[in-house]
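Chemist: Below you'll find the structure I mean.
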Amino acid sequence: MKIAPLSLDDREQHDRRELIQSKITTRKWYSCVASVDLRYFVPIIVDAKGRYETSRPIEFRRLGIKGKMKKFFSHICSDAEKMIFEAAAIRGEDPPKLKIFDPAPATQRMPVEKDPRNFPEPHAVEFTIPANFRPRLTPKTEAPFVWAAEAAFHRIQESDIASKGTAMLTYLAHVRISNEVLSHTYRTHSIHLQKRAGPKGKRVRRSNRALVRIGLLFAHRGVIAGTAGHAVNAYTLGTTYQRGEDMGCSVPEASGTFNQSPVVPDNKGGPPSMYTCKEGTSKTSNRVRAPLKAASTRKLENTLLAGIEAICGQQETGANGGLWRTLMRESADSLRAVKNAIEDWKLIRPDLHGGIKKTRGAWLIDRYRRDLDQIQRSHENRHAERAVTRLGSTRPA
C-alpha cells in the first residue's frame with residue numbers, strides 16, 4: 001500500500017523552521033538534518049556521556065524507522081540522512097535534497113574579577129619546617145639570581161593584556177637572558193624564550209608584541225634590507241624608573257618618553273645600571289649592528305648547498321658549508337659564479353666524472369674562480385664599450 005505523501009504550505013514551513021532554530025538556540029537540540037522543504041527533519045541531541053543520538057519525530061516512528069547513536073557528529077549526520085531517504089522511499093518519493101542546521105555557537109564564559117581588597121594581604125608567618133626541607137637562603141648565598149623590577153609586573157597587571165600570566169612568564173624569560181649576557185640589549189632566538197618561559201610558539205610572540213606595546217620591551221627587527229631573508233631579532237629591556245622630569249606624568253606617559261630609544265643611559269639623573277663598572281662606563285656595547293646586505297636568500301642558499309652535497313657528498317657541506325655560504329653572500333657576481341660552477345658539473349658527461357684528477361670540492365672551487373673571473377671580465381668589457389659609445393656620441397660631427 002502506498003502511503004500518502006506529506007505536504008506543507010508556506011506558513012507551516014515557516015513555523016517549522018522557526019521551531020527548529022529555536023530548539024537549537026535554546027540547546028534542546030544540538031543540530032538538525034532536514035529536507036529542503038522541511039517535510040522531513042531528524043533532530044540530533046547529545047546525551048549525558050557526550051554521544052550523539054537521533055531523536056525520531058512521530059512520522060518516523062509510525063514508519064518503523066529506528067534511531068541511531070554515534071560517537072562523532074559527522075557519523076550521526078550520515079545516519080540522519082539515511083533515515084530521511086528511507087522515509088521518502090517508504091512513501092514512494094524520490095530522495096529529497098537535504099540541509100543541515102548548524103549547532104549553536106558555544107557561549108563564552110565571562111571571567112569573574114575578584115577584588116583583592118576582599119582578601120587578607122600577604123604577610124610573613126612562622127611555622128615549624130620539616131627536617132628534610134630547607135627554606136631558601138639570602139640572595140648573596142644563592143647567587144647567581146635573577147632580579148626584575150616589581151613595577152614592571154605591576155604594569156603588566158594593570159594593562160589590558162588578555163593573557164597576563166603568559167606576558168609575565170615571557171618578561172621573566174627576557175630578564176633571565178638579560179642577566180645571563182650581562183646586557184640590557186641582546187639578540188636571541190624565540191626558541192630560547194620559549195624554553196625559559198614555558199609557553200610555546202604564538203603565545204610567546206603575542207606576549208612580545210604586548211610587552212613592546214606597554215613599553216617594557218623594544219624589538220630590533222632582524223630584517224635584511226633588499227632581500228627576503230631575516231636575522232634573529234634583538235631586544236632591549238625597558239626601565240620602569242621615572243626620572244625627575246617624568247615624575248609629574250602617569251606611568252604609561254612616562255614609559256613612552258624614556259622608552260623610545262633602544263639605549264638606556266646610566267648617567268642622566270637616574271640610578272646606575274647593574275651592568276656598569278665603578279667608573280660609570282659600560283664595558284658591554286649597547287649598539288646593535290645592522291646585518292650586512294646579503295646577495296642571496298636562505299632558501300636559495302639551501303638549494304645550492306643541496307646541489308653541492310649531491311655532487312661532493314655530505315662531507316663537503318659539513319666541512320666547508322660555511323665557506324660556500326660566505327661565497328654566496330659575498331656579492332651578486334659571486335652568487336652567480338657558484339650557480340655556474342654547479343651547472344658546469346651537470347654539463348659534464350657522467351662517464352667522464354671518474355677522469356677528474358682533483359677532488360670534486362676542489363674542482364668546484366676552481367670552476368667557481370674561473371666563472372667569477374669571466375663574469376668580472378665581462379663587466380669590465382661592457383663598461384669599456386659603454387665608455388667608448390659615450391665618447392663617440394660626444395664628439396662633434
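By convention here, the chains of the C-alpha cells are called A, B, ... in the order presented, each chain's residues are numbered starting at 1, and ligands are numbered starting at 1 in the order presented.
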Among range 160-220 of chain A, which residues carry a DSSP assignment of strand (DSSP E), reported as a list of chain:residue names?
Modeler: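 Strand (DSSP E) members of range 160-220 of chain A, listed: A:Thr185, A:Tyr186, A:Arg187, A:Leu217, A:Phe218, A:Ala219, A:His220.
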Chemist: Between A:Phe153, A:Ala210, A:Ser190, A:Gly198, which has the minimum distance to Val232 in chain A (counting only C-alpha atoms)?
Modeler: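 Smallest distance to Val232 in chain A is found for A:Ser190.
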Chemist: Could you pull the residues within 10 Å of range 34-40 of chain A, counting only C-alpha atoms, minus those fewer than 5 positions along the same chain, as a PDB file with C-alpha atoms, in the first residue's frame?
Modeler:
ATOM      1  CA  PRO A   5       2.960  11.926   0.805  1.00  0.00           C
ATOM      2  CA  LEU A   6       3.417  14.746   3.271  1.00  0.00           C
ATOM      3  CA  SER A   7       2.657  18.295   2.187  1.00  0.00           C
ATOM      4  CA  LEU A   8       3.374  21.625   3.895  1.00  0.00           C
ATOM      5  CA  ASP A   9       2.223  25.052   2.865  1.00  0.00           C
ATOM      6  CA  ASP A  10       4.365  28.168   3.217  1.00  0.00           C
ATOM      7  CA  GLU A  12       3.731  25.555   8.003  1.00  0.00           C
ATOM      8  CA  GLN A  13       7.244  25.588   6.540  1.00  0.00           C
ATOM      9  CA  HIS A  14       7.941  28.940   8.214  1.00  0.00           C
ATOM     10  CA  ARG A  16       8.657  24.510  11.355  1.00  0.00           C
ATOM     11  CA  ARG A  17      11.832  26.453  10.502  1.00  0.00           C
ATOM     12  CA  ILE A  20      13.921  24.030  14.633  1.00  0.00           C
ATOM     13  CA  PRO A  57       9.691  12.513  15.128  1.00  0.00           C
ATOM     14  CA  GLU A  59       6.250  10.327  11.437  1.00  0.00           C
ATOM     15  CA  PHE A  60       9.445   8.245  11.579  1.00  0.00           C
ATOM     16  CA  ALA A  80      20.123  11.017   9.834  1.00  0.00           C
ATOM     17  CA  GLU A  81      20.359  11.480   6.074  1.00  0.00           C
ATOM     18  CA  MET A  83      16.755   7.880   7.812  1.00  0.00           C
ATOM     19  CA  ILE A  84      15.225  10.655   5.659  1.00  0.00           C
ATOM     20  CA  PHE A  85      15.988   8.723   2.450  1.00  0.00           C
ATOM     21  CA  ALA A  87      11.257   7.526   4.942  1.00  0.00           C
ATOM     22  CA  ALA A  88      10.978   9.009   1.437  1.00  0.00           C
ATOM     23  CA  PRO A  95      15.283  11.170  -2.438  1.00  0.00           C
ATOM     24  CA  PRO A  96      14.872  14.799  -1.301  1.00  0.00           C
ATOM     25  CA  LYS A  97      17.559  17.441  -1.140  1.00  0.00           C
ATOM     26  CA  LEU A  98      18.863  17.918   2.386  1.00  0.00           C
ATOM     27  CA  LYS A  99      20.172  20.716   4.582  1.00  0.00           C
ATOM     28  CA  ILE A 100      21.891  20.694   7.973  1.00  0.00           C
ATOM     29  CA  PHE A 101      21.159  23.281  10.650  1.00  0.00           C
TER      30      PHE A 101
END
Chemist: Please indicate the distance in Å from CA of Arg61 in chain A to CA of Asp94 in chain A, rounded to one decimal place.
Modeler: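 Calculated distance between CA of Arg61 in chain A and CA of Asp94 in chain A is 20.2 Å.
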